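A.B. asks: Hey, dropping data01.cif in here, mmCIF, C-alpha atoms and all ligand atoms:
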data_target
#
loop_
_atom_site.label_atom_id
_atom_site.label_comp_id
_atom_site.auth_asym_id
_atom_site.auth_seq_id
_atom_site.Cartn_x
_atom_site.Cartn_y
_atom_site.Cartn_z
CA MET A 1 -28.25 -10.50 8.61
CA LEU A 2 -29.70 -12.53 5.76
CA VAL A 3 -31.50 -9.47 4.46
CA ILE A 4 -28.27 -7.49 4.39
CA ARG A 5 -26.45 -10.18 2.44
CA LEU A 6 -29.23 -10.37 -0.16
CA ALA A 7 -29.06 -6.64 -0.63
CA ILE A 8 -25.31 -6.59 -1.11
CA ARG A 9 -25.51 -9.30 -3.75
CA GLY A 10 -27.83 -7.17 -5.78
CA ASN A 11 -31.30 -8.33 -4.82
CA ALA A 12 -33.20 -5.31 -6.05
CA ALA A 13 -36.17 -5.88 -3.80
CA ALA A 14 -34.04 -6.06 -0.69
CA ARG A 15 -31.58 -3.29 -1.64
CA PRO A 16 -33.52 -0.28 -0.30
CA LEU A 17 -33.33 -1.82 3.14
CA LEU A 18 -29.63 -1.05 3.26
CA SER A 19 -30.03 2.67 2.95
CA ALA A 20 -32.96 3.07 5.25
CA SER A 21 -33.74 2.62 8.91
CA PHE A 22 -35.62 -0.54 9.65
CA GLN A 23 -36.88 -2.59 12.56
CA LEU A 24 -35.79 -6.09 13.39
CA SER A 25 -37.84 -8.04 15.93
CA SER A 26 -35.90 -6.86 18.97
CA CYS A 27 -33.70 -3.99 17.82
CA SER A 28 -33.66 -1.06 15.48
CA TYR A 29 -30.91 -0.64 12.90
CA THR A 30 -29.99 2.66 11.34
CA SER A 31 -27.96 2.38 8.19
CA SER A 32 -24.55 4.06 8.42
CA ALA A 33 -22.76 6.02 5.72
CA ALA A 34 -20.37 3.07 5.47
CA ALA A 35 -23.31 0.79 4.65
CA ALA A 36 -24.80 3.12 2.05
CA HIS A 37 -21.49 3.82 0.30
CA ALA A 38 -20.37 0.20 0.43
CA GLU A 39 -23.61 -0.77 -1.24
CA ARG A 40 -23.05 1.85 -3.94
CA THR A 41 -19.46 0.70 -4.47
CA VAL A 42 -20.62 -2.89 -4.90
CA ARG A 43 -23.34 -1.78 -7.29
CA GLU A 44 -21.38 0.72 -9.38
CA GLY A 45 -17.72 -0.25 -8.96
CA PRO A 46 -14.81 2.17 -8.48
CA ARG A 47 -15.54 5.88 -8.83
CA ASN A 48 -13.26 8.91 -8.85
CA ASP A 49 -15.76 11.62 -8.00
CA TRP A 50 -15.76 11.15 -4.24
CA ALA A 51 -16.62 14.23 -2.22
CA ARG A 52 -14.46 14.71 0.83
CA ASP A 53 -17.58 14.77 3.02
CA GLU A 54 -18.65 11.41 1.68
CA ILE A 55 -15.32 9.85 2.64
CA LYS A 56 -15.47 11.55 6.02
CA SER A 57 -18.92 10.11 6.66
CA ILE A 58 -17.63 6.62 5.86
CA TYR A 59 -14.57 7.12 8.07
CA ASP A 60 -16.76 8.38 10.93
CA SER A 61 -19.20 5.45 10.82
CA PRO A 62 -19.37 3.23 13.93
CA VAL A 63 -16.16 1.24 13.72
CA LEU A 64 -17.67 -2.26 13.73
CA ASP A 65 -20.14 -1.24 11.06
CA LEU A 66 -17.31 0.25 9.01
CA LEU A 67 -15.31 -2.95 9.42
CA PHE A 68 -18.29 -5.07 8.39
CA HIS A 69 -18.96 -3.05 5.25
CA GLY A 70 -15.26 -2.86 4.37
CA ALA A 71 -15.36 -6.66 4.54
CA GLN A 72 -18.44 -6.79 2.30
CA VAL A 73 -16.77 -4.69 -0.40
CA HIS A 74 -13.56 -6.68 0.01
CA ARG A 75 -15.36 -9.96 -0.62
CA HIS A 76 -17.08 -8.53 -3.63
CA ALA A 77 -14.08 -6.86 -5.29
CA GLN A 78 -11.21 -9.15 -4.30
CA ASN A 79 -10.38 -12.75 -3.53
CA PHE A 80 -10.68 -12.26 0.22
CA ARG A 81 -8.33 -15.13 1.10
CA GLU A 82 -5.48 -13.93 -1.06
CA VAL A 83 -2.79 -11.76 0.51
CA GLN A 84 0.10 -10.41 -1.50
CA GLN A 85 3.50 -10.79 0.12
CA CYS A 86 6.02 -8.14 -0.82
CA THR A 87 9.57 -7.93 0.38
CA LEU A 88 11.07 -4.49 0.72
CA LEU A 89 14.84 -4.11 0.67
CA SER A 90 16.75 -0.93 1.29
CA ILE A 91 19.31 -1.02 -1.53
CA LYS A 92 20.78 2.38 -0.62
CA THR A 93 20.40 3.37 2.99
CA GLY A 94 20.58 6.71 4.80
CA GLY A 95 22.25 10.00 3.98
CA CYS A 96 19.11 11.44 2.36
CA SER A 97 18.95 15.20 1.84
CA GLU A 98 15.18 15.41 2.50
CA ASP A 99 13.64 16.40 5.82
CA CYS A 100 10.72 13.93 6.15
CA SER A 101 10.07 14.22 9.91
CA TYR A 102 9.36 10.53 10.40
CA CYS A 103 12.39 9.18 8.58
CA PRO A 104 15.57 7.89 10.21
CA GLN A 105 17.29 7.99 6.81
CA SER A 106 17.33 11.77 6.60
CA SER A 107 20.85 13.12 7.05
CA ARG A 108 19.35 15.99 9.06
CA TYR A 109 18.53 13.82 12.08
CA ASN A 110 20.83 12.04 14.44
CA THR A 111 19.38 8.56 14.61
CA GLY A 112 22.61 6.59 14.66
CA LEU A 113 21.88 5.15 11.23
CA LYS A 114 24.96 4.53 9.13
CA ALA A 115 24.67 5.66 5.51
CA GLN A 116 25.50 3.00 2.92
CA LYS A 117 26.18 3.05 -0.81
CA LEU A 118 24.04 1.31 -3.41
CA MET A 119 24.12 -2.45 -2.85
CA THR A 120 25.87 -4.58 -5.43
CA LYS A 121 23.98 -6.61 -8.00
CA ASP A 122 24.98 -9.92 -6.42
CA ASP A 123 23.74 -8.88 -2.99
CA VAL A 124 20.44 -7.56 -4.33
CA LEU A 125 19.76 -10.64 -6.45
CA GLN A 126 20.62 -12.91 -3.56
CA ALA A 127 18.11 -11.07 -1.37
CA ALA A 128 15.46 -11.33 -4.11
CA GLN A 129 16.05 -15.07 -4.43
CA LYS A 130 15.74 -15.50 -0.67
CA ALA A 131 12.49 -13.50 -0.67
CA LYS A 132 11.11 -15.62 -3.48
CA GLU A 133 11.96 -18.84 -1.67
CA ALA A 134 10.16 -17.47 1.37
CA GLY A 135 6.98 -17.02 -0.69
CA SER A 136 7.26 -13.37 -1.64
CA THR A 137 5.92 -12.58 -5.11
CA ARG A 138 6.89 -8.92 -5.28
CA PHE A 139 10.32 -7.52 -4.57
CA CYS A 140 10.56 -3.81 -3.76
CA MET A 141 13.82 -1.88 -3.79
CA GLY A 142 14.08 1.35 -1.83
CA ALA A 143 16.79 3.99 -2.15
CA ALA A 144 17.07 6.97 0.20
CA TRP A 145 17.24 9.71 -2.39
CA ARG A 146 15.35 12.93 -3.04
CA ASP A 147 15.31 11.93 -6.71
CA THR A 148 17.38 10.07 -9.26
CA ILE A 149 18.41 13.10 -11.29
CA GLY A 150 22.20 13.24 -11.69
CA ARG A 151 22.59 9.63 -10.59
CA LYS A 152 22.91 8.11 -14.02
CA THR A 153 25.32 5.32 -13.06
CA ASN A 154 23.27 4.24 -10.06
CA PHE A 155 20.03 4.53 -11.99
CA ASN A 156 21.36 2.34 -14.82
CA GLN A 157 22.47 -0.21 -12.24
CA ILE A 158 18.96 -0.26 -10.79
CA LEU A 159 17.48 -0.80 -14.26
CA GLU A 160 19.69 -3.87 -14.48
CA TYR A 161 18.45 -5.13 -11.09
CA VAL A 162 14.84 -4.63 -12.22
CA LYS A 163 15.41 -6.69 -15.39
CA GLU A 164 17.09 -9.52 -13.50
CA ILE A 165 14.48 -9.77 -10.77
CA ARG A 166 11.63 -9.61 -13.26
CA GLY A 167 13.33 -12.49 -15.08
CA MET A 168 13.16 -14.48 -11.84
CA GLY A 169 9.37 -14.43 -12.13
CA MET A 170 8.74 -11.81 -9.47
CA GLU A 171 6.89 -8.53 -9.69
CA VAL A 172 9.33 -5.69 -9.16
CA CYS A 173 8.68 -2.39 -7.42
CA CYS A 174 10.99 0.55 -6.73
CA THR A 175 10.86 3.54 -4.45
CA LEU A 176 13.67 5.90 -5.41
CA GLY A 177 12.20 9.34 -4.71
CA MET A 178 10.94 11.71 -7.36
CA LEU A 179 11.17 10.66 -11.01
CA GLU A 180 11.41 12.49 -14.28
CA LYS A 181 9.21 11.40 -17.16
CA GLN A 182 12.07 9.74 -19.05
CA GLN A 183 13.17 7.76 -16.00
CA ALA A 184 9.66 6.37 -15.56
CA VAL A 185 9.72 5.24 -19.18
CA ALA A 186 13.13 3.57 -18.70
CA LEU A 187 11.90 1.75 -15.60
CA LYS A 188 8.86 0.51 -17.50
CA GLU A 189 11.07 -0.75 -20.33
CA ALA A 190 13.21 -2.60 -17.79
CA GLY A 191 10.08 -4.45 -16.63
CA LEU A 192 9.11 -2.55 -13.50
CA THR A 193 5.68 -3.58 -12.20
CA ALA A 194 5.00 -0.77 -9.75
CA TYR A 195 6.53 2.42 -8.40
CA ASN A 196 5.98 3.50 -4.82
CA HIS A 197 5.73 7.16 -3.98
CA ASN A 198 3.60 7.92 -0.95
CA LEU A 199 1.67 11.13 -0.43
CA ASP A 200 2.18 10.57 3.31
CA THR A 201 -0.73 12.70 4.56
CA SER A 202 -3.25 15.34 3.52
CA ARG A 203 -2.21 18.31 1.41
CA GLU A 204 -3.00 20.60 4.38
CA TYR A 205 -0.91 18.73 6.94
CA TYR A 206 1.94 17.90 4.56
CA PRO A 207 4.04 21.07 5.24
CA ASN A 208 4.23 20.04 8.93
CA ILE A 209 5.99 16.85 7.88
CA ILE A 210 8.14 17.73 4.86
CA THR A 211 9.38 21.06 3.59
CA THR A 212 11.96 20.00 1.00
CA ARG A 213 9.51 18.94 -1.71
CA SER A 214 5.92 19.82 -2.35
CA TYR A 215 2.72 17.82 -2.50
CA ASP A 216 2.38 18.77 -6.15
CA GLU A 217 5.87 17.44 -6.92
CA ARG A 218 4.77 14.14 -5.44
CA LEU A 219 1.63 14.10 -7.55
CA LYS A 220 3.72 14.87 -10.64
CA THR A 221 5.86 11.79 -10.04
CA LEU A 222 2.69 9.70 -9.73
CA GLU A 223 1.51 11.15 -13.04
CA PHE A 224 4.79 10.21 -14.80
CA VAL A 225 4.56 6.71 -13.37
CA ARG A 226 0.98 6.30 -14.51
CA ASP A 227 1.71 7.72 -17.97
CA ALA A 228 4.62 5.31 -18.40
CA GLY A 229 2.23 2.39 -17.81
CA ILE A 230 3.68 1.41 -14.44
CA ASN A 231 1.32 0.53 -11.61
CA VAL A 232 1.05 3.23 -8.99
CA CYS A 233 1.70 2.39 -5.35
CA SER A 234 0.83 5.33 -3.13
CA GLY A 235 -0.51 5.68 0.37
CA GLY A 236 0.45 7.31 3.59
CA ILE A 237 1.35 7.17 7.23
CA ILE A 238 -0.90 7.68 10.22
CA GLY A 239 0.33 8.69 13.66
CA LEU A 240 2.27 11.75 12.46
CA GLY A 241 0.25 14.03 14.74
CA GLU A 242 -2.35 14.66 12.04
CA ALA A 243 -6.07 15.06 12.70
CA GLU A 244 -8.62 12.54 11.49
CA GLU A 245 -9.61 15.13 8.90
CA ASP A 246 -6.10 14.75 7.41
CA ARG A 247 -6.49 10.99 7.13
CA VAL A 248 -9.72 11.59 5.25
CA GLY A 249 -7.92 14.20 3.11
CA LEU A 250 -5.21 11.70 2.16
CA LEU A 251 -7.79 9.07 1.14
CA HIS A 252 -9.74 11.71 -0.76
CA THR A 253 -6.69 12.71 -2.83
CA LEU A 254 -5.93 9.08 -3.65
CA ALA A 255 -9.53 8.15 -4.41
CA THR A 256 -10.00 11.12 -6.77
CA LEU A 257 -6.89 10.52 -8.87
CA PRO A 258 -7.89 9.87 -12.50
CA THR A 259 -7.13 6.19 -11.85
CA HIS A 260 -6.93 4.76 -8.35
CA PRO A 261 -3.48 3.52 -7.30
CA GLU A 262 -3.15 -0.24 -7.75
CA SER A 263 -1.58 -0.39 -4.27
CA VAL A 264 -2.36 1.76 -1.26
CA PRO A 265 0.03 1.21 1.65
CA ILE A 266 -1.35 2.23 5.04
CA ASN A 267 1.55 2.73 7.42
CA ALA A 268 1.43 3.29 11.18
CA LEU A 269 4.32 5.43 12.31
CA ILE A 270 7.15 3.66 14.07
CA ALA A 271 8.56 6.60 16.01
CA VAL A 272 12.35 6.52 15.75
CA LYS A 273 14.55 8.19 18.34
CA GLY A 274 16.36 11.18 16.92
CA THR A 275 13.62 12.11 14.43
CA PRO A 276 11.31 15.09 15.11
CA LEU A 277 8.43 12.63 15.59
CA GLN A 278 10.22 10.46 18.14
CA ASP A 279 7.63 11.16 20.87
CA GLN A 280 4.49 10.40 18.88
CA LYS A 281 2.27 7.89 20.61
CA PRO A 282 1.66 4.57 18.84
CA VAL A 283 -1.31 4.21 16.52
CA GLU A 284 -4.15 2.08 17.89
CA ILE A 285 -5.57 -0.84 15.99
CA TRP A 286 -8.97 0.86 15.62
CA GLU A 287 -7.34 3.75 13.79
CA MET A 288 -5.77 1.29 11.34
CA ILE A 289 -9.09 -0.48 10.87
CA ARG A 290 -10.84 2.80 10.11
CA MET A 291 -8.22 3.68 7.49
CA ILE A 292 -8.18 0.23 5.89
CA ALA A 293 -11.96 -0.22 5.71
CA THR A 294 -12.47 3.31 4.37
CA ALA A 295 -9.74 2.78 1.76
CA ARG A 296 -11.36 -0.51 0.75
CA ILE A 297 -14.80 1.07 0.31
CA VAL A 298 -13.54 4.06 -1.70
CA MET A 299 -10.89 2.18 -3.75
CA PRO A 300 -12.34 -1.33 -4.05
CA LYS A 301 -9.90 -2.67 -6.64
CA ALA A 302 -6.68 -1.45 -4.97
CA MET A 303 -4.39 -3.72 -3.02
CA VAL A 304 -4.64 -2.18 0.44
CA ARG A 305 -1.35 -2.83 2.16
CA LEU A 306 -0.96 -3.25 5.90
CA SER A 307 2.54 -1.82 6.00
CA ALA A 308 4.89 -0.29 8.57
CA GLY A 309 3.74 -0.70 12.14
CA ARG A 310 2.30 -4.19 11.55
CA VAL A 311 4.99 -5.53 13.85
CA ARG A 312 3.22 -3.93 16.80
CA PHE A 313 -0.12 -5.59 16.09
CA SER A 314 -1.01 -9.03 17.43
CA MET A 315 -2.24 -11.76 15.09
CA PRO A 316 -5.92 -11.22 16.06
CA GLU A 317 -5.46 -7.49 15.42
CA GLN A 318 -3.95 -8.19 12.01
CA ALA A 319 -6.84 -10.58 11.32
CA LEU A 320 -9.24 -7.66 11.83
CA CYS A 321 -7.22 -5.63 9.33
CA PHE A 322 -7.50 -8.41 6.74
CA LEU A 323 -11.21 -8.67 7.45
CA ALA A 324 -11.60 -4.90 7.00
CA GLY A 325 -10.03 -5.09 3.55
CA ALA A 326 -6.24 -5.28 3.75
CA ASN A 327 -4.81 -7.78 1.27
CA SER A 328 -1.12 -7.11 1.09
CA ILE A 329 1.74 -7.11 3.57
CA PHE A 330 5.47 -6.58 3.64
CA THR A 331 7.46 -9.58 4.67
CA GLY A 332 11.11 -9.76 5.63
CA GLU A 333 13.10 -8.92 8.74
CA LYS A 334 13.14 -5.19 8.10
CA LEU A 335 11.05 -2.54 6.42
CA LEU A 336 13.87 -0.41 5.05
CA THR A 337 15.39 0.36 8.44
CA THR A 338 12.63 -0.43 10.96
CA PRO A 339 11.79 -3.89 12.35
CA ASN A 340 9.16 -6.09 10.72
CA ASN A 341 7.33 -9.32 11.59
CA ASP A 342 9.45 -12.44 11.38
CA PHE A 343 8.99 -15.02 8.66
CA ASP A 344 7.85 -17.88 10.91
CA SER A 345 5.13 -15.89 12.62
CA ASP A 346 3.82 -14.74 9.23
CA GLN A 347 3.76 -18.34 8.00
CA LEU A 348 1.84 -19.36 11.08
CA MET A 349 -0.57 -16.47 10.64
CA PHE A 350 -1.32 -17.47 7.03
CA LYS A 351 -2.00 -21.02 8.18
CA LEU A 352 -4.20 -20.08 11.13
CA LEU A 353 -6.22 -17.47 9.25
CA GLY A 354 -6.58 -19.56 6.09
CA LEU A 355 -4.84 -16.95 3.95
CA ILE A 356 -3.33 -17.79 0.57
CA PRO A 357 -0.27 -16.05 -0.88
CA LYS A 358 -1.21 -14.11 -4.00
CA ALA A 359 0.60 -15.24 -7.16
CA PRO A 360 2.39 -12.55 -9.17
CA SER A 361 0.48 -11.15 -12.10
CA PHE A 362 2.00 -9.74 -15.25
CA GLU A 363 0.42 -7.95 -18.13
CA GLU A 364 -0.27 -10.23 -21.07
CA GLY A 365 2.21 -8.44 -23.31
CA ALA A 366 4.94 -8.44 -20.72
CA LEU A 367 4.40 -12.11 -20.01
CA LYS A 368 4.57 -12.86 -23.74
CA ASP A 369 7.89 -11.01 -23.98
CA CYS A 370 9.12 -12.93 -21.01
CA MET A 371 8.04 -16.27 -22.49
CA GLU A 372 9.78 -15.46 -25.72
CA GLU A 373 12.90 -14.86 -23.69
CA ASN A 374 12.43 -18.27 -22.03
CA CYS A 375 11.67 -16.99 -18.55
CA GLU A 376 10.46 -20.45 -17.59
CA GLU A 377 10.16 -19.71 -13.92
CA ALA A 378 7.89 -16.77 -14.52
CA VAL A 379 5.65 -18.87 -16.69
CA SER A 380 5.37 -21.65 -14.16
CA VAL A 381 4.54 -19.24 -11.35
CA THR A 382 1.85 -17.39 -13.22
CA GLY A 383 0.51 -20.33 -15.12
S1 LIG A 401 11.31 9.26 3.40
FE1 LIG A 401 12.61 9.01 1.60
S2 LIG A 401 12.89 11.08 0.85
FE2 LIG A 401 12.16 11.30 2.95
S3 LIG A 401 14.05 11.44 4.19
FE3 LIG A 401 13.45 9.29 4.13
S4 LIG A 401 14.60 8.41 2.44
FE4 LIG A 401 14.65 10.64 2.18
#
Mind converting the file's structure to structure tokens?
C.D. replies:
Amino acid sequence: MLVIRLAIRGNAAARPLLSASFQLSSCSYTSSAAAAHAERTVREGPRNDWARDEIKSIYDSPVLDLLFHGAQVHRHAQNFREVQQCTLLSIKTGGCSEDCSYCPQSSRYNTGLKAQKLMTKDDVLQAAQKAKEAGSTRFCMGAAWRDTIGRKTNFNQILEYVKEIRGMGMEVCCTLGMLEKQQAVALKEAGLTAYNHNLDTSREYYPNIITTRSYDERLKTLEFVRDAGINVCSGGIIGLGEAEEDRVGLLHTLATLPTHPESVPINALIAVKGTPLQDQKPVEIWEMIRMIATARIVMPKAMVRLSAGRVRFSMPEQALCFLAGANSIFTGEKLLTTPNNDFDSDQLMFKLLGLIPKAPSFEEGALKDCMEENCEEAVSVTG
């Protein structure tokens, strides 16, 4: 064990031991792909030239070895005790024209969900304040839309919400469907920290899940977000009936983007009655651990977010996810429309596991603007 730690920290003499087979006094150890790639990630930092086979070999490594090496990269690239708490609020629920097979908000499925209009400013700001008081440092607003084109009034209202919440000293994220270039720019000017737009699954499996917009349209939105200078939040969902190869394909697409997403949510499907995926069997914890540790090794600087489905995992199971490399969670009673872990049990978990809430971070320029506008709260939180 000591030898392995020396190698990871860059001891040149010990390093070759990690990528070779070697004998300990009573056992033989054969280095896994996870070990070799984790060592390379630690040595060279993030890379965007991952071959799909390389990611597959990491994903297929013995699970405890994968977990161990995900943890090694995590400790090298991140503050391993810090966990970002984000609160996600559905500010416009249901009635969506898209056909995402997992989503109770699609108007095509009979899930009993009542469609609602865009929430008022007062209600949204009140929810943001409550989230902040509960320790959340990022507030995410979700609207069930295909896109924001032709929704000028609503979009302008959302810009207003972004400005206000940013002024409260929180990071602000939106997920509003597909964006046009100009809308991404407007969101950036309003102070948006991050935009969420998930790829959901691999390019190959994607048409089994959604037919109303293409994989390339999704990638285009991510490009507009990136070009506007907004952080990219993009991940996927497992448990949609995809093969392991598709999980690898999703991670490969994300890890070979010109810049890795700053956040990578890993969701486990919560099968909702009335959706086409209502009978999917629940994702097992080992599947989550494989996804999280692989994501951590191939995208070491990203915040890897243990997202939907967390509610079904026990505290020890979540602890394994944090060990494997997850460092962000959603807090709050609901994740858009599905249940989430309650506040008290999350507080207890942080205490028991020795986790620390991550403070919000703002770009220097943005913080300067904010200071000039006397956003005292933001300064005290980040300072
Ligand atoms: S995931 Fe988003 S785009 Fe798809 S149906 Fe649900 S709300 Fe609409």
A.B. asks: Throw together the list of residues within 9 Å of ligand LIG 401 (chain A), counting only C-alpha atoms and all ligand atoms, and drop it here as a ChimeraX atom specification.
C.D. replies: /A:93-108,142-147,175-178,198,210,212-213
A.B. asks: Tell me which of A:Lys152, A:Arg203, A:Lys92, A:His69 sits closest to Ile289 of chain A, counting only C-alpha atoms.
C.D. replies: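 Using only C-alpha atoms, Ile289 of chain A sits closest to A:His69.
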A.B. asks: For Lys273 of chain A, which residue out of A:Tyr109, A:Lys351, A:Ile297, A:Ser61 is the nearest one, using all atoms listed in the file?
C.D. replies: A:Tyr109
A.B. asks: Rank nothing, just name the residue among A:Leu179, A:Ala255, A:Ile266, A:Ala293 nearest to Glu223 of chain A, using all atoms listed in the file.
C.D. replies: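 Counting all atoms listed in the file, the residue closest to Glu223 of chain A is A:Leu179.
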A.B. asks: Quick one: pull the distance between atom CA of Leu88 of chain A and atom CA of Cys140 of chain A, Å, one decimal.
C.D. replies: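 Taking atom CA of Leu88 of chain A and atom CA of Cys140 of chain A, their separation equals 4.6 Å.
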A.B. asks: Please report the interatomic distance between atom CA of Gln126 of chain A and atom CA of Gln157 of chain A in Å with one decimal.
C.D. replies: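 So the two atoms, atom CA of Gln126 of chain A and atom CA of Gln157 of chain A, lie 15.5 Å apart.
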A.B. asks: In Å, how far is it from atom CA of Thr111 of chain A to atom CA of Pro207 of chain A?
C.D. replies: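 Interatomic distance, atom CA of Thr111 of chain A to atom CA of Pro207 of chain A: 21.9 Å.
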A.B. asks: Which residues of segment 97-159 of chain A come within 8 Å of segment 71-84 of chain A, and for each one, what is the closest pair of atoms and their distance in Å to one decimal, counting all atoms listed in the file, sorted by chain and residue number, as a tab-separated table?
C.D. replies:
residue	atom	partner	partner_atom	distance
A:Ser136	CA	A:Gln84	CA	7.7
A:Thr137	CA	A:Gln84	CA	7.2
A:Arg138	CA	A:Gln84	CA	7.9
A.B. asks: Rank nothing, just name the residue among A:Ile329, A:Ile158, A:Val298, A:Ala184 nearest to Ala36 of chain A, using all atoms listed in the file.
C.D. replies: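 Of A:Ile329, A:Ile158, A:Val298, A:Ala184, the one nearest Ala36 of chain A, counting all atoms listed in the file, is A:Val298.
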A.B. asks: A:Lys181, A:Arg247, A:Lys358, A:Arg226: which is nearest Thr193 of chain A, counting only C-alpha atoms?
C.D. replies: A:Arg226
A.B. asks: Just checking: using all atoms listed in the file, which residue out of A:Gln116, A:Gln318, A:Ser307, A:Asn156 ends up closest to Ala190 of chain A?
C.D. replies: A:Asn156
A.B. asks: Would you pick out the contacts of Asp49 of chain A at 10 Å or less, using all atoms listed in the file, so that residues sharing its chain but fewer than 3 positions from it are not included, and give the list as JSON, numbers by chain?
C.D. replies: {"A": [46, 52, 252, 255, 256, 257, 258]}
A.B. asks: Those residues with C-alpha atoms, as a compact mmCIF listing (two decimals), in the coordinates of the input please?
C.D. replies:
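Now in again-v6.txt:
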# COMPACT_ATOMS: atom_id res chain seq x y z
CA PRO A 46 -14.81 2.17 -8.48
CA ARG A 52 -14.46 14.71 0.83
CA HIS A 252 -9.74 11.71 -0.76
CA ALA A 255 -9.53 8.15 -4.41
CA THR A 256 -10.00 11.12 -6.77
CA LEU A 257 -6.89 10.52 -8.87
CA PRO A 258 -7.89 9.87 -12.50
A.B. asks: Taking a cut-off of 10 Å and counting all atoms listed in the file, can you build a table that, for each residue of segment 181-263 of chain A near segment 275-280 of chain A, reports the nearest atom pair and how far apart they are in Å (one decimal), sorted by chain then residue number, as CSV?
C.D. replies:
residue,atom,partner,partner_atom,distance
A:Ile209,CA,A:Leu277,CA,9.1
A:Gly239,CA,A:Gln280,CA,6.9
A:Leu240,CA,A:Gln280,CA,6.9
A:Gly241,CA,A:Gln280,CA,6.9
A.B. asks: Got a sec to check which residues sit within 10 Å of (13.7, 10.2, -15.0), counting all atoms listed in the file, and write them as a ChimeraX atom specification?
C.D. replies: /A:147-152,155,178-187,221,224-225
